[in-house]
>>> print(open('entry-v3.pdb').read())   # PDB, C-alpha atoms, pLDDT in the B column
ATOM      1  CA  MET A   1      44.837 -19.902  54.054  1.00 39.00           C
ATOM      2  CA  ARG A   2      45.482 -20.580  50.384  1.00 40.00           C
ATOM      3  CA  HIS A   3      48.861 -22.127  51.254  1.00 39.00           C
ATOM      4  CA  LEU A   4      47.168 -24.414  53.790  1.00 35.00           C
ATOM      5  CA  ILE A   5      44.664 -25.654  51.200  1.00 36.00           C
ATOM      6  CA  LEU A   6      47.487 -26.208  48.668  1.00 34.00           C
ATOM      7  CA  ALA A   7      49.541 -28.078  51.286  1.00 36.00           C
ATOM      8  CA  GLY A   8      46.513 -30.263  52.150  1.00 39.00           C
ATOM      9  CA  PHE A   9      45.919 -31.023  48.462  1.00 34.00           C
ATOM     10  CA  CYS A  10      49.599 -31.967  48.011  1.00 36.00           C
ATOM     11  CA  ALA A  11      49.443 -34.252  51.049  1.00 36.00           C
ATOM     12  CA  LEU A  12      46.319 -35.998  49.684  1.00 34.00           C
ATOM     13  CA  THR A  13      47.920 -36.362  46.253  1.00 35.00           C
ATOM     14  CA  LEU A  14      51.055 -37.859  47.791  1.00 33.00           C
ATOM     15  CA  ALA A  15      48.960 -40.294  49.861  1.00 36.00           C
ATOM     16  CA  ALA A  16      47.022 -41.356  46.765  1.00 35.00           C
ATOM     17  CA  CYS A  17      50.245 -41.960  44.847  1.00 34.00           C
ATOM     18  CA  GLN A  18      51.667 -44.021  47.683  1.00 36.00           C
ATOM     19  CA  SER A  19      48.525 -46.132  48.045  1.00 35.00           C
ATOM     20  CA  GLY A  20      48.562 -46.800  44.295  1.00 37.00           C
ATOM     21  CA  SER A  21      51.998 -48.372  44.601  1.00 36.00           C
ATOM     22  CA  SER A  22      50.964 -50.633  47.502  1.00 38.00           C
ATOM     23  CA  LYS A  23      50.275 -53.519  45.098  1.00 42.00           C
ATOM     24  CA  GLN A  24      53.901 -53.362  43.948  1.00 41.00           C
ATOM     25  CA  ALA A  25      55.110 -53.163  47.539  1.00 41.00           C
ATOM     26  CA  SER A  26      52.924 -56.086  48.611  1.00 53.00           C
ATOM     27  CA  LEU A  27      54.585 -58.329  46.016  1.00 59.00           C
ATOM     28  CA  GLY A  28      57.812 -58.096  48.010  1.00 63.00           C
ATOM     29  CA  ASP A  29      60.935 -59.826  46.823  1.00 74.00           C
ATOM     30  CA  GLN A  30      59.841 -62.390  44.283  1.00 79.00           C
ATOM     31  CA  PRO A  31      61.760 -65.692  44.021  1.00 78.00           C
ATOM     32  CA  GLN A  32      63.754 -66.602  40.923  1.00 83.00           C
ATOM     33  CA  LEU A  33      62.280 -69.545  39.015  1.00 85.00           C
ATOM     34  CA  SER A  34      63.886 -72.020  36.688  1.00 82.00           C
ATOM     35  CA  VAL A  35      61.980 -74.210  34.249  1.00 86.00           C
ATOM     36  CA  PRO A  36      63.110 -77.799  34.864  1.00 84.00           C
ATOM     37  CA  GLU A  37      63.133 -80.336  32.054  1.00 85.00           C
ATOM     38  CA  GLY A  38      59.620 -81.647  31.429  1.00 84.00           C
ATOM     39  CA  ALA A  39      57.951 -78.602  33.002  1.00 90.00           C
ATOM     40  CA  GLN A  40      55.886 -76.117  31.046  1.00 94.00           C
ATOM     41  CA  SER A  41      55.894 -72.358  31.391  1.00 95.00           C
ATOM     42  CA  VAL A  42      54.049 -69.292  30.208  1.00 95.00           C
ATOM     43  CA  ARG A  43      54.352 -65.540  30.750  1.00 96.00           C
ATOM     44  CA  VAL A  44      51.162 -63.860  31.944  1.00 97.00           C
ATOM     45  CA  ALA A  45      50.257 -60.164  31.711  1.00 97.00           C
ATOM     46  CA  ALA A  46      49.137 -60.014  35.353  1.00 97.00           C
ATOM     47  CA  ASP A  47      50.687 -59.845  38.798  1.00 96.00           C
ATOM     48  CA  PRO A  48      51.399 -63.047  40.792  1.00 96.00           C
ATOM     49  CA  MET A  49      48.442 -62.456  43.146  1.00 95.00           C
ATOM     50  CA  THR A  50      46.023 -62.313  40.205  1.00 96.00           C
ATOM     51  CA  VAL A  51      47.545 -65.509  38.764  1.00 97.00           C
ATOM     52  CA  ARG A  52      47.195 -67.267  42.128  1.00 97.00           C
ATOM     53  CA  SER A  53      43.571 -66.150  42.530  1.00 96.00           C
ATOM     54  CA  ALA A  54      42.682 -67.311  39.002  1.00 97.00           C
ATOM     55  CA  LEU A  55      44.365 -70.670  39.610  1.00 97.00           C
ATOM     56  CA  VAL A  56      42.635 -71.356  42.935  1.00 97.00           C
ATOM     57  CA  ALA A  57      39.238 -70.248  41.567  1.00 96.00           C
ATOM     58  CA  SER A  58      39.608 -72.501  38.528  1.00 95.00           C
ATOM     59  CA  ALA A  59      40.628 -75.491  40.675  1.00 96.00           C
ATOM     60  CA  THR A  60      37.657 -74.923  42.987  1.00 95.00           C
ATOM     61  CA  GLU A  61      35.233 -74.749  40.039  1.00 95.00           C
ATOM     62  CA  ARG A  62      36.583 -77.998  38.606  1.00 93.00           C
ATOM     63  CA  GLY A  63      36.588 -79.855  41.918  1.00 93.00           C
ATOM     64  CA  THR A  64      40.386 -80.180  41.992  1.00 95.00           C
ATOM     65  CA  ILE A  65      41.705 -80.297  45.541  1.00 96.00           C
ATOM     66  CA  VAL A  66      44.184 -77.557  46.474  1.00 97.00           C
ATOM     67  CA  ILE A  67      46.585 -79.133  48.967  1.00 97.00           C
ATOM     68  CA  GLN A  68      49.019 -76.229  49.227  1.00 97.00           C
ATOM     69  CA  ASP A  69      48.230 -72.547  48.681  1.00 97.00           C
ATOM     70  CA  GLN A  70      51.159 -70.180  49.134  1.00 95.00           C
ATOM     71  CA  PRO A  71      51.876 -66.693  47.738  1.00 92.00           C
ATOM     72  CA  ASN A  72      54.110 -68.062  44.936  1.00 95.00           C
ATOM     73  CA  MET A  73      52.990 -71.694  44.628  1.00 96.00           C
ATOM     74  CA  VAL A  74      49.805 -73.717  44.454  1.00 97.00           C
ATOM     75  CA  VAL A  75      49.801 -77.512  44.558  1.00 97.00           C
ATOM     76  CA  MET A  76      46.703 -79.415  43.499  1.00 97.00           C
ATOM     77  CA  GLU A  77      45.705 -83.066  43.296  1.00 96.00           C
ATOM     78  CA  ARG A  78      43.218 -84.956  41.243  1.00 94.00           C
ATOM     79  CA  GLN A  79      42.506 -88.546  42.242  1.00 94.00           C
ATOM     80  CA  LEU A  80      42.600 -91.132  39.470  1.00 93.00           C
ATOM     81  CA  THR A  81      39.858 -93.690  39.972  1.00 91.00           C
ATOM     82  CA  GLY A  82      39.294 -97.025  38.349  1.00 90.00           C
ATOM     83  CA  GLU A  83      41.654 -99.398  36.606  1.00 89.00           C
ATOM     84  CA  ASN A  84      44.432 -97.890  34.526  1.00 91.00           C
ATOM     85  CA  PRO A  85      46.573-100.628  32.914  1.00 93.00           C
ATOM     86  CA  ALA A  86      48.752 -98.079  31.071  1.00 92.00           C
ATOM     87  CA  LEU A  87      49.758 -96.317  34.316  1.00 93.00           C
ATOM     88  CA  ASP A  88      50.141 -99.684  36.086  1.00 94.00           C
ATOM     89  CA  LYS A  89      52.521-100.821  33.349  1.00 94.00           C
ATOM     90  CA  GLN A  90      54.538 -97.586  33.323  1.00 94.00           C
ATOM     91  CA  PHE A  91      54.642 -96.805  37.076  1.00 95.00           C
ATOM     92  CA  GLY A  92      53.620-100.025  38.788  1.00 94.00           C
ATOM     93  CA  PRO A  93      50.347-100.661  40.579  1.00 93.00           C
ATOM     94  CA  SER A  94      48.934 -98.365  43.220  1.00 94.00           C
ATOM     95  CA  ASP A  95      47.500-101.213  45.227  1.00 92.00           C
ATOM     96  CA  ASN A  96      48.073 -99.942  48.784  1.00 91.00           C
ATOM     97  CA  GLY A  97      46.503 -96.527  48.390  1.00 92.00           C
ATOM     98  CA  ASN A  98      45.073 -94.059  45.916  1.00 95.00           C
ATOM     99  CA  ARG A  99      46.790 -92.799  42.783  1.00 97.00           C
ATOM    100  CA  VAL A 100      46.727 -89.067  42.099  1.00 97.00           C
ATOM    101  CA  ILE A 101      48.035 -86.594  39.597  1.00 95.00           C
ATOM    102  CA  ARG A 102      49.795 -83.811  41.514  1.00 96.00           C
ATOM    103  CA  ILE A 103      50.071 -80.463  39.733  1.00 96.00           C
ATOM    104  CA  ARG A 104      52.542 -77.922  41.102  1.00 96.00           C
ATOM    105  CA  VAL A 105      52.265 -74.396  39.731  1.00 97.00           C
ATOM    106  CA  ARG A 106      54.919 -71.865  40.759  1.00 96.00           C
ATOM    107  CA  PHE A 107      54.844 -68.216  39.755  1.00 96.00           C
ATOM    108  CA  THR A 108      56.884 -65.084  40.208  1.00 95.00           C
ATOM    109  CA  GLY A 109      57.001 -61.677  38.647  1.00 94.00           C
ATOM    110  CA  ALA A 110      56.082 -58.049  38.645  1.00 92.00           C
ATOM    111  CA  PRO A 111      52.735 -56.247  38.445  1.00 92.00           C
ATOM    112  CA  CYS A 112      52.253 -56.874  34.705  1.00 95.00           C
ATOM    113  CA  GLU A 113      54.479 -59.856  33.958  1.00 95.00           C
ATOM    114  CA  THR A 114      54.434 -63.153  35.814  1.00 96.00           C
ATOM    115  CA  LEU A 115      56.345 -66.287  34.879  1.00 96.00           C
ATOM    116  CA  VAL A 116      54.261 -69.390  35.582  1.00 97.00           C
ATOM    117  CA  VAL A 117      55.931 -72.825  35.742  1.00 96.00           C
ATOM    118  CA  GLN A 118      53.857 -76.008  35.922  1.00 96.00           C
ATOM    119  CA  ASP A 119      55.081 -79.515  36.585  1.00 94.00           C
ATOM    120  CA  LEU A 120      53.199 -82.744  37.107  1.00 94.00           C
ATOM    121  CA  ALA A 121      53.698 -86.037  38.876  1.00 95.00           C
ATOM    122  CA  VAL A 122      51.862 -89.322  39.255  1.00 96.00           C
ATOM    123  CA  ILE A 123      51.778 -90.408  42.897  1.00 97.00           C
ATOM    124  CA  ASN A 124      51.127 -94.080  43.636  1.00 97.00           C
ATOM    125  CA  ASN A 125      49.863 -95.095  47.081  1.00 96.00           C
ATOM    126  CA  VAL A 126      49.461 -91.444  48.086  1.00 95.00           C
ATOM    127  CA  ARG A 127      49.797 -90.636  51.799  1.00 94.00           C
ATOM    128  CA  THR A 128      50.949 -94.130  52.726  1.00 95.00           C
ATOM    129  CA  ALA A 129      54.362 -95.509  53.684  1.00 96.00           C
ATOM    130  CA  LEU A 130      54.597 -96.923  50.136  1.00 95.00           C
ATOM    131  CA  GLU A 131      54.052 -93.562  48.361  1.00 96.00           C
ATOM    132  CA  GLN A 132      56.005 -93.250  45.109  1.00 95.00           C
ATOM    133  CA  SER A 133      56.257 -90.152  42.937  1.00 96.00           C
ATOM    134  CA  PHE A 134      56.985 -90.137  39.205  1.00 95.00           C
ATOM    135  CA  VAL A 135      57.573 -86.880  37.314  1.00 92.00           C
ATOM    136  CA  LEU A 136      55.501 -86.577  34.148  1.00 91.00           C
ATOM    137  CA  PRO A 137      56.542 -84.581  31.108  1.00 88.00           C
ATOM    138  CA  GLY A 138      54.115 -81.905  29.996  1.00 87.00           C
ATOM    139  CA  ASN A 139      51.838 -82.657  27.060  1.00 88.00           C
ATOM    140  CA  PRO A 140      49.412 -80.715  24.826  1.00 88.00           C
ATOM    141  CA  ASN A 141      46.534 -81.181  27.316  1.00 88.00           C
ATOM    142  CA  THR A 142      48.491 -79.736  30.237  1.00 90.00           C
ATOM    143  CA  LEU A 143      49.791 -76.903  28.073  1.00 92.00           C
ATOM    144  CA  GLN A 144      46.188 -76.113  27.116  1.00 94.00           C
ATOM    145  CA  SER A 145      45.338 -75.951  30.830  1.00 92.00           C
ATOM    146  CA  LEU A 146      48.245 -73.559  31.416  1.00 94.00           C
ATOM    147  CA  GLN A 147      47.049 -71.372  28.509  1.00 95.00           C
ATOM    148  CA  GLY A 148      43.587 -71.366  30.107  1.00 95.00           C
ATOM    149  CA  LEU A 149      45.117 -70.068  33.341  1.00 96.00           C
ATOM    150  CA  LYS A 150      46.930 -67.358  31.358  1.00 96.00           C
ATOM    151  CA  ASN A 151      43.692 -66.265  29.649  1.00 95.00           C
ATOM    152  CA  ARG A 152      41.717 -66.230  32.891  1.00 95.00           C
ATOM    153  CA  ALA A 153      44.354 -64.243  34.808  1.00 96.00           C
ATOM    154  CA  GLU A 154      44.732 -61.729  31.975  1.00 96.00           C
ATOM    155  CA  GLN A 155      40.952 -61.200  31.859  1.00 94.00           C
ATOM    156  CA  ASN A 156      41.121 -60.187  35.533  1.00 90.00           C
ATOM    157  CA  SER A 157      44.097 -57.892  34.978  1.00 92.00           C
ATOM    158  CA  SER A 158      44.315 -54.356  33.633  1.00 93.00           C
ATOM    159  CA  CYS A 159      47.789 -55.002  32.154  1.00 95.00           C
ATOM    160  CA  PRO A 160      48.480 -54.745  28.427  1.00 91.00           C
ATOM    161  CA  PRO A 161      49.123 -58.105  26.706  1.00 82.00           C
ATOM    162  CA  ILE A 162      52.693 -59.414  26.620  1.00 79.00           C
ATOM    163  CA  VAL A 163      54.127 -59.328  23.112  1.00 70.00           C
ATOM    164  CA  SER A 164      56.072 -62.543  22.487  1.00 60.00           C
TER
END
>>> encode(input="entry-v3.pdb", output="structure tokens")
Amino acid sequence: MRHLILAGFCALTLAACQSGSSKQASLGDQPQLSVPEGAQSVRVAADPMTVRSALVASATERGTIVIQDQPNMVVMERQLTGENPALDKQFGPSDNGNRVIRIRVRFTGAPCETLVVQDLAVINNVRTALEQSFVLPGNPNTLQSLQGLKNRAEQNSSCPPIVS
């Protein structure tokens, strides 16, 4: 009888250990990411699912439209309204449709370290036959937004901070 109880305890312990590693298993094979010129990146002490959840929640709170939500990528758009002579001069007018800023955030990693890569584009005449896309270099404002994502994801994670 004692051996049966010990065997049952061992089986429960093994099951608990295996269920604890299910988060790692659910990450699957993560894609390799490069950081193209003009893009911004940050390493986050959280798994990719936590990063994705923090990103989508933040976009929803701010009223930013999520147009693509995948396990390793979220694409958002924010419509630019009103006259913008500076953008008209640099990218031409958006006179046959709306102009948006499109933010693509890709991420990949392990349970406690995720690489996040963000790139931006201005889209003139979005969702029309005259749509034009122009890649934007990152700037201090967009880097601040990426740091905000890092902070939010790390607050929702039990991982130790990444030492740079």
>>> residues_around(input="entry-v3.pdb", residues="Ser41 (chain A)", least_positions_apart="6", cutoff="9 Å", atoms="all atoms listed in the file", output="list in words")
Val35, Leu115, Val116, Val117, Gln118, Asp119, Leu143 and Leu146 of chain A
>>> closest_residue(input="entry-v3.pdb", among="A:Gln32, A:Thr50, A:Asn141, A:Ser94", to="Cys159 (chain A)", atoms="all atoms listed in the file")
A:Thr50
>>> atom_distance(input="entry-v3.pdb", atom1="CA of Val66 (chain A)", atom2="CA of Val126 (chain A)")
14.9 Å
>>> atom_distance(input="entry-v3.pdb", atom1="CA of Ala121 (chain A)", atom2="CA of Arg43 (chain A)")
22.1 Å
>>> residues_near_point(input="entry-v3.pdb", point="(38.0, -81.4, 46.3)", cutoff="12 Å", atoms="only C-alpha atoms", output="MDAnalysis selection string")
chainID A and resid 56 58:67 76:79
>>> closest_residue(input="entry-v3.pdb", among="A:Cys112, A:Val75, A:Val135, A:Val100", to="Glu154 (chain A)", atoms="all atoms listed in the file")
A:Cys112
>>> residues_around(input="entry-v3.pdb", residues="Asn151 (chain A)", least_positions_apart="2", cutoff="12 Å", atoms="all atoms listed in the file", output="ChimeraX atom specification")
/A:42-46,50-51,54-55,58,144-149,153-157,161-162
>>> resolve_selection(input="entry-v3.pdb", expression="the PyMOL selection byres ((chain A and resi 106) around 8)", output="ChimeraX atom specification")
/A:33,72-74,104-105,107-108,116-118
>>> axis_aligned_box(input="entry-v3.pdb", around="region 79-94 of chain A", padding_each_side="8 Å", output="AutoDock Vina command-line options")
--center_x 47.0 --center_y -94.7 --center_z 37.1 --size_x 31.3 --size_y 28.3 --size_z 28.1
>>> resolve_selection(input="entry-v3.pdb", expression="the PyMOL selection byres ((chain A and resi 131) around 10)", output="list in words")
Ser94, Asn96, Gly97, Asn98, Arg99, Ile123, Asn124, Asn125, Val126, Arg127, Thr128, Ala129, Leu130, Gln132 and Ser133 of chain A
>>> write_last_selection(input="entry-v3.pdb", atoms="C-alpha atoms", output="PDB file, in the frame of the given file")
ATOM      1  CA  SER A  94      48.934 -98.365  43.220  1.00 94.00           C
ATOM      2  CA  ASN A  96      48.073 -99.942  48.784  1.00 91.00           C
ATOM      3  CA  GLY A  97      46.503 -96.527  48.390  1.00 92.00           C
ATOM      4  CA  ASN A  98      45.073 -94.059  45.916  1.00 95.00           C
ATOM      5  CA  ARG A  99      46.790 -92.799  42.783  1.00 97.00           C
ATOM      6  CA  ILE A 123      51.778 -90.408  42.897  1.00 97.00           C
ATOM      7  CA  ASN A 124      51.127 -94.080  43.636  1.00 97.00           C
ATOM      8  CA  ASN A 125      49.863 -95.095  47.081  1.00 96.00           C
ATOM      9  CA  VAL A 126      49.461 -91.444  48.086  1.00 95.00           C
ATOM     10  CA  ARG A 127      49.797 -90.636  51.799  1.00 94.00           C
ATOM     11  CA  THR A 128      50.949 -94.130  52.726  1.00 95.00           C
ATOM     12  CA  ALA A 129      54.362 -95.509  53.684  1.00 96.00           C
ATOM     13  CA  LEU A 130      54.597 -96.923  50.136  1.00 95.00           C
ATOM     14  CA  GLN A 132      56.005 -93.250  45.109  1.00 95.00           C
ATOM     15  CA  SER A 133      56.257 -90.152  42.937  1.00 96.00           C
TER      16      SER A 133
END
>>> closest_residue(input="entry-v3.pdb", among="A:Asp88, A:Asp69, A:Asp29, A:Asp47", to="Pro111 (chain A)", atoms="only C-alpha atoms")
A:Asp47
>>> atom_distance(input="entry-v3.pdb", atom1="CA of Thr114 (chain A)", atom2="CA of Ala57 (chain A)")
17.7 Å
>>> closest_residue(input="entry-v3.pdb", among="A:Gln68, A:Arg152, A:Asn84, A:Gly38", to="Leu120 (chain A)", atoms="all atoms listed in the file")
A:Gly38
>>> decode(input="entry-v3.pdb", residues="region 30-53 of chain A", atoms="N, CA, C and O atoms", output="compact mmCIF listing (two decimals), in the first residue's frame")
# COMPACT_ATOMS: atom_id res chain seq x y z
N GLN A 30 10.07 29.59 -32.44
CA GLN A 30 9.94 31.02 -32.63
C GLN A 30 10.74 31.45 -33.86
O GLN A 30 11.83 30.94 -34.11
N PRO A 31 10.21 32.40 -34.64
CA PRO A 31 10.92 32.87 -35.84
C PRO A 31 12.16 33.68 -35.46
O PRO A 31 12.24 34.24 -34.37
N GLN A 32 13.11 33.74 -36.38
CA GLN A 32 14.28 34.59 -36.20
C GLN A 32 13.93 35.97 -36.73
O GLN A 32 13.30 36.10 -37.78
N LEU A 33 14.29 37.02 -36.00
CA LEU A 33 13.99 38.38 -36.41
C LEU A 33 15.27 39.13 -36.70
O LEU A 33 16.28 38.96 -36.01
N SER A 34 15.21 39.99 -37.70
CA SER A 34 16.28 40.94 -37.94
C SER A 34 15.72 42.33 -37.64
O SER A 34 14.50 42.52 -37.61
N VAL A 35 16.60 43.28 -37.42
CA VAL A 35 16.17 44.65 -37.16
C VAL A 35 16.56 45.47 -38.38
O VAL A 35 17.72 45.85 -38.53
N PRO A 36 15.60 45.72 -39.28
CA PRO A 36 15.94 46.48 -40.49
C PRO A 36 16.32 47.92 -40.16
O PRO A 36 15.95 48.44 -39.11
N GLU A 37 17.02 48.56 -41.09
CA GLU A 37 17.41 49.95 -40.90
C GLU A 37 16.16 50.81 -40.70
O GLU A 37 15.16 50.66 -41.40
N GLY A 38 16.20 51.68 -39.72
CA GLY A 38 15.07 52.55 -39.42
C GLY A 38 14.12 51.98 -38.38
O GLY A 38 13.31 52.70 -37.83
N ALA A 39 14.22 50.67 -38.13
CA ALA A 39 13.35 50.04 -37.13
C ALA A 39 13.96 50.23 -35.74
O ALA A 39 15.14 50.55 -35.61
N GLN A 40 13.15 50.04 -34.75
CA GLN A 40 13.61 50.13 -33.36
C GLN A 40 13.36 48.80 -32.68
O GLN A 40 12.42 48.08 -33.04
N SER A 41 14.22 48.48 -31.71
CA SER A 41 14.04 47.20 -31.02
C SER A 41 14.34 47.34 -29.54
O SER A 41 15.01 48.28 -29.12
N VAL A 42 13.82 46.38 -28.79
CA VAL A 42 14.05 46.34 -27.35
C VAL A 42 13.94 44.88 -26.92
O VAL A 42 13.21 44.09 -27.54
N ARG A 43 14.67 44.52 -25.89
CA ARG A 43 14.56 43.19 -25.29
C ARG A 43 13.69 43.31 -24.04
O ARG A 43 13.88 44.21 -23.23
N VAL A 44 12.73 42.39 -23.91
CA VAL A 44 11.75 42.45 -22.83
C VAL A 44 11.87 41.19 -21.98
O VAL A 44 11.95 40.08 -22.52
N ALA A 45 11.86 41.36 -20.67
CA ALA A 45 11.90 40.23 -19.74
C ALA A 45 10.50 39.66 -19.56
O ALA A 45 9.87 39.79 -18.52
N ALA A 46 10.00 39.04 -20.63
CA ALA A 46 8.67 38.42 -20.64
C ALA A 46 8.61 37.51 -21.86
O ALA A 46 9.42 37.64 -22.78
N ASP A 47 7.65 36.61 -21.87
CA ASP A 47 7.50 35.72 -23.02
C ASP A 47 6.72 36.45 -24.13
O ASP A 47 6.04 37.45 -23.87
N PRO A 48 6.80 35.96 -25.38
CA PRO A 48 6.11 36.63 -26.48
C PRO A 48 4.60 36.77 -26.29
O PRO A 48 4.02 37.78 -26.70
N MET A 49 3.96 35.82 -25.64
CA MET A 49 2.50 35.92 -25.42
C MET A 49 2.16 37.07 -24.49
O MET A 49 1.17 37.77 -24.69
N THR A 50 2.99 37.30 -23.47
CA THR A 50 2.77 38.41 -22.55
C THR A 50 2.98 39.74 -23.28
O THR A 50 2.22 40.69 -23.08
N VAL A 51 4.01 39.80 -24.13
CA VAL A 51 4.28 41.01 -24.92
C VAL A 51 3.08 41.31 -25.82
O VAL A 51 2.59 42.44 -25.88
N ARG A 52 2.59 40.29 -26.52
CA ARG A 52 1.45 40.46 -27.42
C ARG A 52 0.23 40.95 -26.66
O ARG A 52 -0.45 41.89 -27.08
N SER A 53 -0.07 40.35 -25.53
CA SER A 53 -1.23 40.75 -24.72
C SER A 53 -1.10 42.19 -24.26
O SER A 53 -2.08 42.96 -24.32
